[in-house]
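Shown next: query33.tsv, given as TSV, C-alpha atoms.
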```tsv
chain	number	residue	atom	x	y	z
E	1	MET	CA	88.12	-40.04	60.40
E	2	HIS	CA	86.64	-37.89	57.65
E	3	THR	CA	89.48	-38.80	55.22
E	4	VAL	CA	88.98	-42.53	55.80
E	5	LEU	CA	85.28	-42.28	54.99
E	6	ASP	CA	85.99	-40.39	51.77
E	7	HIS	CA	88.54	-43.04	50.71
E	8	ALA	CA	86.13	-45.87	51.44
E	9	SER	CA	83.29	-44.19	49.61
E	10	ALA	CA	85.49	-43.68	46.53
E	11	HIS	CA	86.18	-47.42	46.34
E	12	ASP	CA	82.54	-48.32	46.96
E	13	ALA	CA	81.11	-45.83	44.47
E	14	ALA	CA	79.62	-47.07	41.21
E	15	ILE	CA	81.97	-46.95	38.22
E	16	HIS	CA	81.23	-46.32	34.55
E	17	ALA	CA	84.28	-45.04	32.70
E	18	ILE	CA	86.67	-45.48	29.79
E	19	ALA	CA	89.97	-47.24	30.52
E	20	THR	CA	92.98	-48.64	28.66
E	21	VAL	CA	93.94	-52.32	28.72
E	22	VAL	CA	97.39	-52.76	30.27
E	23	ALA	CA	97.65	-56.55	30.41
E	24	ASP	CA	95.68	-59.77	29.96
E	25	LEU	CA	95.93	-61.59	33.30
E	26	GLY	CA	94.27	-64.75	31.96
E	27	HIS	CA	91.05	-66.55	32.88
E	28	GLY	CA	89.02	-63.52	31.75
E	29	ASN	CA	90.80	-61.01	34.03
E	30	PHE	CA	92.40	-57.80	32.77
E	31	LEU	CA	94.56	-55.05	34.24
E	32	LEU	CA	93.31	-51.60	33.21
E	33	ASP	CA	94.69	-48.07	33.37
E	34	LEU	CA	91.90	-45.90	34.74
E	35	ASN	CA	92.67	-42.17	35.09
E	36	GLY	CA	96.33	-42.87	35.90
E	37	GLY	CA	95.51	-45.63	38.39
E	38	THR	CA	95.17	-49.37	37.90
E	39	LEU	CA	92.07	-51.52	38.11
E	40	THR	CA	91.64	-55.28	37.84
E	41	CYS	CA	88.32	-56.52	36.52
E	42	LYS	CA	86.73	-59.43	34.71
E	43	ARG	CA	85.56	-59.41	31.14
E	44	ALA	CA	81.77	-59.42	30.86
E	45	ALA	CA	80.25	-62.52	29.28
E	46	SER	CA	78.51	-60.33	26.67
E	47	CYS	CA	81.84	-58.82	25.50
E	48	LEU	CA	82.62	-61.19	22.64
E	49	LEU	CA	85.51	-59.18	21.18
E	50	HIS	CA	88.62	-60.25	23.07
E	51	PRO	CA	90.39	-57.19	24.56
E	52	GLU	CA	94.04	-56.61	23.64
E	53	THR	CA	96.75	-54.47	25.24
E	54	GLY	CA	96.25	-50.82	24.31
E	55	ASP	CA	92.53	-51.12	23.58
E	56	LYS	CA	90.15	-48.44	24.85
E	57	VAL	CA	87.44	-50.24	26.80
E	58	LEU	CA	84.34	-49.42	28.79
E	59	VAL	CA	84.37	-50.61	32.39
E	60	SER	CA	81.24	-50.54	34.54
E	61	GLY	CA	79.95	-51.88	37.84
E	62	PRO	CA	78.43	-51.03	41.24
E	63	SER	CA	81.96	-50.65	42.69
E	64	ARG	CA	85.62	-51.06	41.75
E	65	GLN	CA	85.58	-54.51	43.38
E	66	GLN	CA	82.55	-55.54	41.28
E	67	SER	CA	83.45	-53.91	37.97
E	68	TYR	CA	83.35	-55.56	34.54
E	69	LEU	CA	84.95	-54.83	31.18
E	70	ILE	CA	81.77	-54.66	29.14
E	71	ALA	CA	82.91	-53.46	25.69
E	72	VAL	CA	85.91	-52.73	23.48
E	73	LEU	CA	85.52	-49.18	22.19
E	74	GLU	CA	88.67	-48.47	20.16
E	75	ARG	CA	91.66	-50.44	18.92
E	76	ASP	CA	94.33	-50.29	16.23
E	77	SER	CA	92.64	-51.30	12.96
E	78	ALA	CA	95.80	-53.15	11.87
E	79	ARG	CA	95.30	-55.71	14.63
E	80	THR	CA	93.35	-58.91	14.08
E	81	ALA	CA	90.05	-58.91	15.98
E	82	ARG	CA	89.47	-62.11	17.96
E	83	VAL	CA	85.90	-63.03	18.88
E	84	GLY	CA	85.35	-65.64	21.57
E	85	VAL	CA	84.43	-66.43	25.14
E	86	GLU	CA	85.94	-68.36	28.01
E	87	GLY	CA	84.90	-71.99	27.61
E	88	ALA	CA	82.69	-73.54	24.91
E	89	MET	CA	80.61	-71.42	22.54
E	90	ALA	CA	77.73	-72.09	20.16
E	91	ILE	CA	76.75	-69.67	17.37
E	92	GLY	CA	73.20	-69.50	16.06
E	93	TYR	CA	69.84	-70.61	17.36
E	94	GLY	CA	67.33	-71.43	14.65
E	95	GLY	CA	67.26	-69.80	11.24
E	96	ALA	CA	70.05	-69.52	8.71
E	97	VAL	CA	73.63	-68.54	9.58
E	98	GLN	CA	75.99	-66.95	7.05
E	99	VAL	CA	79.71	-66.22	7.26
E	100	LEU	CA	80.74	-63.61	4.67
E	101	SER	CA	84.17	-62.23	3.86
E	102	ASP	CA	85.75	-60.30	0.99
E	103	ASP	CA	89.04	-62.04	1.83
E	104	ALA	CA	90.02	-65.53	2.97
E	105	ILE	CA	88.22	-67.53	5.66
E	106	SER	CA	90.41	-69.86	7.72
E	107	LEU	CA	89.33	-72.52	10.24
E	108	GLU	CA	91.92	-73.90	12.68
E	109	SER	CA	91.12	-76.52	15.29
E	110	ALA	CA	92.55	-79.63	16.92
E	111	SER	CA	89.46	-81.45	15.63
E	112	LEU	CA	86.82	-80.31	13.13
E	113	SER	CA	83.45	-82.03	12.71
E	114	LEU	CA	80.67	-81.26	10.22
E	115	ALA	CA	77.20	-82.74	10.68
E	116	SER	CA	74.41	-81.92	8.24
E	117	GLY	CA	71.49	-83.51	6.46
E	118	GLN	CA	72.89	-82.13	3.19
E	119	LEU	CA	76.37	-80.74	2.43
E	120	GLY	CA	77.19	-78.73	-0.67
E	121	ILE	CA	80.65	-77.43	-1.62
E	122	ARG	CA	81.31	-75.22	-4.65
E	123	ALA	CA	84.76	-73.99	-5.63
E	124	GLU	CA	86.74	-73.14	-8.76
E	125	SER	CA	89.66	-75.10	-7.32
E	126	ALA	CA	89.90	-77.41	-4.29
E	127	VAL	CA	92.94	-78.99	-2.61
E	128	VAL	CA	92.76	-81.63	0.13
E	129	VAL	CA	95.99	-82.56	1.95
E	130	ALA	CA	95.77	-85.34	4.55
E	131	GLN	CA	98.06	-88.04	5.91
E	132	GLU	CA	95.08	-90.41	6.05
E	133	LEU	CA	91.71	-89.97	4.32
E	134	SER	CA	88.72	-92.24	4.95
E	135	TYR	CA	85.28	-92.26	3.34
E	136	GLN	CA	82.27	-94.29	4.44
E	137	GLY	CA	78.96	-94.12	2.65
E	138	ARG	CA	76.26	-96.09	0.92
E	139	GLN	CA	76.83	-94.63	-2.55
E	140	TRP	CA	79.43	-92.47	-4.29
E	141	GLN	CA	78.61	-90.85	-7.61
E	142	GLY	CA	80.76	-88.45	-9.59
E	143	ALA	CA	80.90	-86.81	-13.01
E	144	LEU	CA	84.37	-85.80	-14.14
E	145	GLY	CA	85.92	-84.63	-17.40
E	146	VAL	CA	89.34	-86.11	-16.63
E	147	LEU	CA	90.34	-88.30	-13.68
E	148	ARG	CA	94.05	-88.73	-12.93
E	149	HIS	CA	95.45	-90.76	-10.04
E	150	THR	CA	99.12	-90.90	-9.10
E	151	GLY	CA	100.24	-93.06	-6.22
E	152	GLN	CA	102.42	-95.91	-5.05
E	153	ALA	CA	99.71	-98.52	-4.50
E	154	LEU	CA	96.01	-99.04	-5.16
E	155	GLU	CA	94.10	-101.67	-3.21
E	156	MET	CA	90.39	-102.44	-3.58
E	157	LEU	CA	88.24	-105.07	-1.84
E	158	LEU	CA	84.91	-105.29	-3.67
E	159	ASP	CA	82.13	-107.81	-4.17
E	160	LYS	CA	81.52	-106.68	-7.75
E	161	VAL	CA	83.28	-104.46	-10.31
E	162	ARG	CA	81.54	-103.26	-13.46
E	163	GLN	CA	83.22	-100.95	-15.98
E	164	VAL	CA	81.81	-99.64	-19.26
E	165	ALA	CA	84.13	-97.77	-21.62
E	166	ARG	CA	84.33	-96.98	-25.33
E	167	VAL	CA	88.12	-97.40	-25.39
E	168	CYS	CA	90.25	-98.98	-22.67
E	169	TYR	CA	94.05	-98.89	-22.73
E	170	ARG	CA	96.26	-100.38	-20.03
E	171	GLN	CA	100.04	-100.61	-19.89
E	172	VAL	CA	101.95	-102.67	-17.32
E	173	GLU	CA	105.73	-102.23	-17.21
E	174	GLN	CA	106.57	-105.49	-15.43
E	175	THR	CA	104.28	-108.35	-14.40
E	176	ASP	CA	100.50	-108.60	-14.73
E	177	HIS	CA	98.91	-111.36	-12.60
E	178	LEU	CA	95.30	-112.51	-12.83
E	179	ARG	CA	93.81	-115.26	-10.70
E	180	ALA	CA	90.16	-116.16	-11.27
E	181	GLY	CA	87.76	-119.03	-10.64
E	182	GLN	CA	86.47	-118.69	-14.22
E	183	LEU	CA	87.81	-116.54	-17.05
E	184	ASP	CA	85.69	-115.57	-20.07
E	185	TYR	CA	87.02	-113.29	-22.82
E	186	GLN	CA	84.89	-112.57	-25.89
E	187	ALA	CA	85.54	-110.20	-28.80
E	188	ARG	CA	83.22	-109.40	-31.72
E	189	ASP	CA	86.07	-108.98	-34.20
E	190	TYR	CA	89.68	-109.68	-33.31
E	191	VAL	CA	91.76	-111.30	-30.58
E	192	ARG	CA	95.58	-111.28	-30.60
E	193	LEU	CA	98.05	-112.81	-28.13
E	194	HIS	CA	101.74	-112.28	-28.79
E	195	GLY	CA	104.97	-112.72	-26.83
E	196	ASP	CA	108.51	-114.06	-27.10
E	197	HIS	CA	107.26	-117.16	-25.29
E	198	VAL	CA	103.59	-118.12	-25.19
E	199	MET	CA	102.36	-121.17	-23.28
E	200	VAL	CA	98.83	-122.54	-23.10
E	201	THR	CA	98.45	-125.47	-20.70
E	202	SER	CA	95.55	-127.44	-19.27
E	203	ASP	CA	95.29	-130.16	-16.64
E	204	LYS	CA	92.36	-131.99	-18.29
E	205	LEU	CA	91.15	-130.61	-21.62
E	206	LEU	CA	92.46	-128.19	-24.24
E	207	LYS	CA	90.04	-127.54	-27.08
E	208	MET	CA	90.45	-125.49	-30.27
E	209	ASP	CA	87.38	-124.98	-32.45
E	210	SER	CA	87.30	-122.94	-35.65
E	211	LYS	CA	86.45	-123.16	-39.35
E	212	GLN	CA	90.16	-122.74	-40.07
E	213	ILE	CA	93.17	-123.42	-37.85
E	214	HIS	CA	96.64	-122.35	-39.03
E	215	LEU	CA	99.73	-123.55	-37.16
E	216	GLY	CA	103.24	-122.40	-38.08
```

Write the structure described by the file as structure tokens, please.
Amino acid sequence: MHTVLDHASAHDAAIHAIATVVADLGHGNFLLDLNGGTLTCKRAASCLLHPETGDKVLVSGPSRQQSYLIAVLERDSARTARVGVEGAMAIGYGGAVQVLSDDAISLESASLSLASGQLGIRAESAVVVAQELSYQGRQWQGALGVLRHTGQALEMLLDKVRQVARVCYRQVEQTDHLRAGQLDYQARDYVRLHGDHVMVTSDKLLKMDSKQIHLG
């Protein structure tokens, strides 16, 4: 009878010790090596660093049945540290939040959303790769030294187009079509139309007006 009481009291005694992670059992449960024996416990909600196999951890609780992995104490520095919790997580509550790194910062997610009253991005070089890219806004304004666009097709549906340029050069390899309700071309100095075959037709009126008209 005395041995049974000692065994029961050992299991019911409070625990606060260092253990080694043996396995991640999933759903926040871990198998630990504690003084040559095994112990299964849950990860405490305040332990944000995800434990990995081989980590030295601190386990604490009122009994072995109610023990928690409360902190990761030591781990191989070559391993990537993973910070997170079971379920959803929000970072920050009022005030500014900064993410700093001397190396690269990578974000990976099935879906990424940014919501802000003002968004500023500064980079020496930026690359955007997307199968589909959509932009919706009231106004777009940009200042560029050189703008180059390479693609298979360009389609625009606009109520009004206004372009101002000092020099405009356009080259079309095959056919150039223009359909307009009214067409008005005006040049201060010189207008030239040339082709192997040039046709000017009109259904009702064709008018030529000049101080001099040379034909042939």

- Message: One decimal, in Å: what's the spacing between atom CA of E:Asp102 and atom CA of E:Ala123?
- Response: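 Atom-to-atom, atom CA of E:Asp102 and atom CA of E:Ala123 are spaced 15.2 Å apart.
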
- Message: From the options E:Asn29, E:Cys41, E:Ala115, E:His197, which residue's atoms come nearest to E:Ser60, counting all atoms listed in the file?
- Response: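 Checking each candidate against E:Ser60, we get E:Cys41 as the closest.
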
- Message: Report, in Å to a single decimal, how far apart atom CA of E:Val191 and atom CA of E:Val161 are.
- Response: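 Atom CA of E:Val191 lies at a distance of 23.0 Å from atom CA of E:Val161.
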
- Task: For atom CA of E:Thr38 and atom CA of E:Asp12, quote the distance in Å rounded to one decimal.
- Result: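 Pair atom CA of E:Thr38 / atom CA of E:Asp12 returns 15.6 Å.
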
- Pick out the residues sitting within 10 Å of E:Ala19, and hand them over as a list in words; count all atoms listed in the file, and ignore anything fewer than 4 positions along from it in its own chain.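 Listed by chain and then number, they are Leu31, Leu32, Asp33, Leu34, Asn35, Gly36, Gly37, Thr38, Leu39, Gly54, Asp55, Lys56, Val57, Leu58, Val59, Leu69, Val72 and Leu73 of chain E.
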
- Task: Show me as a VMD selection string the residues that reach within 10 Å of (91.1, -58.9, 21.6), counting all atoms listed in the file and using the file's own coordinates.
- Result: chain E and resid 24 48 to 55 72 75 79 to 84

- Item | Neighbour list for E:Val85 as a list in words, cut-off 10 Å, all atoms listed in the file, skip fewer than 4 positions in-chain |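 The residues that qualify are Gly28, Arg43, Ala44, Ala45, Ser46, Cys47, Leu48, Leu49, His50 and Met89 of chain E.
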
- Item | Which of E:Ala78, E:Leu158, E:Leu100, E:Thr40 sits closest to E:Ala23 [using all atoms listed in the file] |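 Among the listed residues, the smallest separation from E:Ala23 belongs to E:Thr40.
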
- Task: Might you pull out every residue within 8 Å of E:Ile15, with only C-alpha atoms counted and same-chain residues fewer than 2 positions away left off, and present them as a list in words?
- Result: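 Those residues are Ala13, Ala17, Val59, Ser60, Gly61, Pro62, Ser63, Arg64 and Ser67 of chain E.
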
Kindly write C-alpha atoms of stretch 106-160 of chain E from the structure just given to a file, as a PDB file, in the first residue's frame.
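Saved the output as selection-v2.pdb:
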```pdb
ATOM      1  CA  SER E 106       9.600  36.344 -47.507  1.00  0.00           C
ATOM      2  CA  LEU E 107       5.792  36.173 -47.229  1.00  0.00           C
ATOM      3  CA  GLU E 108       4.020  32.977 -48.317  1.00  0.00           C
ATOM      4  CA  SER E 109       0.264  32.524 -48.134  1.00  0.00           C
ATOM      5  CA  ALA E 110      -2.656  31.058 -50.061  1.00  0.00           C
ATOM      6  CA  SER E 111      -4.112  34.580 -50.089  1.00  0.00           C
ATOM      7  CA  LEU E 112      -2.488  37.903 -49.146  1.00  0.00           C
ATOM      8  CA  SER E 113      -4.468  41.083 -48.491  1.00  0.00           C
ATOM      9  CA  LEU E 114      -3.174  44.585 -47.699  1.00  0.00           C
ATOM     10  CA  ALA E 115      -5.525  47.258 -46.381  1.00  0.00           C
ATOM     11  CA  SER E 116      -4.222  50.720 -45.521  1.00  0.00           C
ATOM     12  CA  GLY E 117      -5.167  54.360 -45.761  1.00  0.00           C
ATOM     13  CA  GLN E 118      -1.791  55.001 -47.413  1.00  0.00           C
ATOM     14  CA  LEU E 119       0.672  52.523 -48.949  1.00  0.00           C
ATOM     15  CA  GLY E 120       4.270  53.381 -49.786  1.00  0.00           C
ATOM     16  CA  ILE E 121       6.774  51.040 -51.475  1.00  0.00           C
ATOM     17  CA  ARG E 122      10.423  51.934 -52.053  1.00  0.00           C
ATOM     18  CA  ALA E 123      12.897  49.643 -53.791  1.00  0.00           C
ATOM     19  CA  GLU E 124      15.953  49.860 -56.041  1.00  0.00           C
ATOM     20  CA  SER E 125      14.418  47.133 -58.207  1.00  0.00           C
ATOM     21  CA  ALA E 126      10.934  45.569 -58.209  1.00  0.00           C
ATOM     22  CA  VAL E 127       9.588  42.531 -60.075  1.00  0.00           C
ATOM     23  CA  VAL E 128       5.911  41.526 -60.201  1.00  0.00           C
ATOM     24  CA  VAL E 129       5.018  38.129 -61.705  1.00  0.00           C
ATOM     25  CA  ALA E 130       1.316  37.276 -61.957  1.00  0.00           C
ATOM     26  CA  GLN E 131      -0.900  35.229 -64.263  1.00  0.00           C
ATOM     27  CA  GLU E 132      -3.594  37.906 -63.951  1.00  0.00           C
ATOM     28  CA  LEU E 133      -3.160  41.456 -62.631  1.00  0.00           C
ATOM     29  CA  SER E 134      -6.073  43.822 -61.987  1.00  0.00           C
ATOM     30  CA  TYR E 135      -6.083  47.449 -60.847  1.00  0.00           C
ATOM     31  CA  GLN E 136      -9.093  49.490 -59.805  1.00  0.00           C
ATOM     32  CA  GLY E 137      -8.813  53.085 -58.716  1.00  0.00           C
ATOM     33  CA  ARG E 138     -10.013  56.612 -59.295  1.00  0.00           C
ATOM     34  CA  GLN E 139      -6.689  57.997 -60.515  1.00  0.00           C
ATOM     35  CA  TRP E 140      -3.303  56.623 -61.581  1.00  0.00           C
ATOM     36  CA  GLN E 141      -0.328  58.957 -61.820  1.00  0.00           C
ATOM     37  CA  GLY E 142       3.258  58.026 -62.600  1.00  0.00           C
ATOM     38  CA  ALA E 143       6.571  59.677 -63.442  1.00  0.00           C
ATOM     39  CA  LEU E 144       8.974  57.497 -65.405  1.00  0.00           C
ATOM     40  CA  GLY E 145      12.222  58.063 -67.266  1.00  0.00           C
ATOM     41  CA  VAL E 146      11.593  55.267 -69.776  1.00  0.00           C
ATOM     42  CA  LEU E 147       8.459  53.144 -70.189  1.00  0.00           C
ATOM     43  CA  ARG E 148       8.716  49.926 -72.213  1.00  0.00           C
ATOM     44  CA  HIS E 149       5.845  47.501 -72.784  1.00  0.00           C
ATOM     45  CA  THR E 150       6.200  44.139 -74.509  1.00  0.00           C
ATOM     46  CA  GLY E 151       3.161  41.965 -75.004  1.00  0.00           C
ATOM     47  CA  GLN E 152       0.923  40.152 -77.443  1.00  0.00           C
ATOM     48  CA  ALA E 153      -2.123  42.417 -77.221  1.00  0.00           C
ATOM     49  CA  LEU E 154      -3.143  45.766 -75.744  1.00  0.00           C
ATOM     50  CA  GLU E 155      -6.821  46.566 -75.268  1.00  0.00           C
ATOM     51  CA  MET E 156      -8.203  49.793 -73.800  1.00  0.00           C
ATOM     52  CA  LEU E 157     -11.813  50.910 -73.293  1.00  0.00           C
ATOM     53  CA  LEU E 158     -11.813  54.620 -72.458  1.00  0.00           C
ATOM     54  CA  ASP E 159     -14.182  57.567 -72.682  1.00  0.00           C
ATOM     55  CA  LYS E 160     -11.363  59.985 -73.493  1.00  0.00           C
TER      56      LYS E 160
END
```
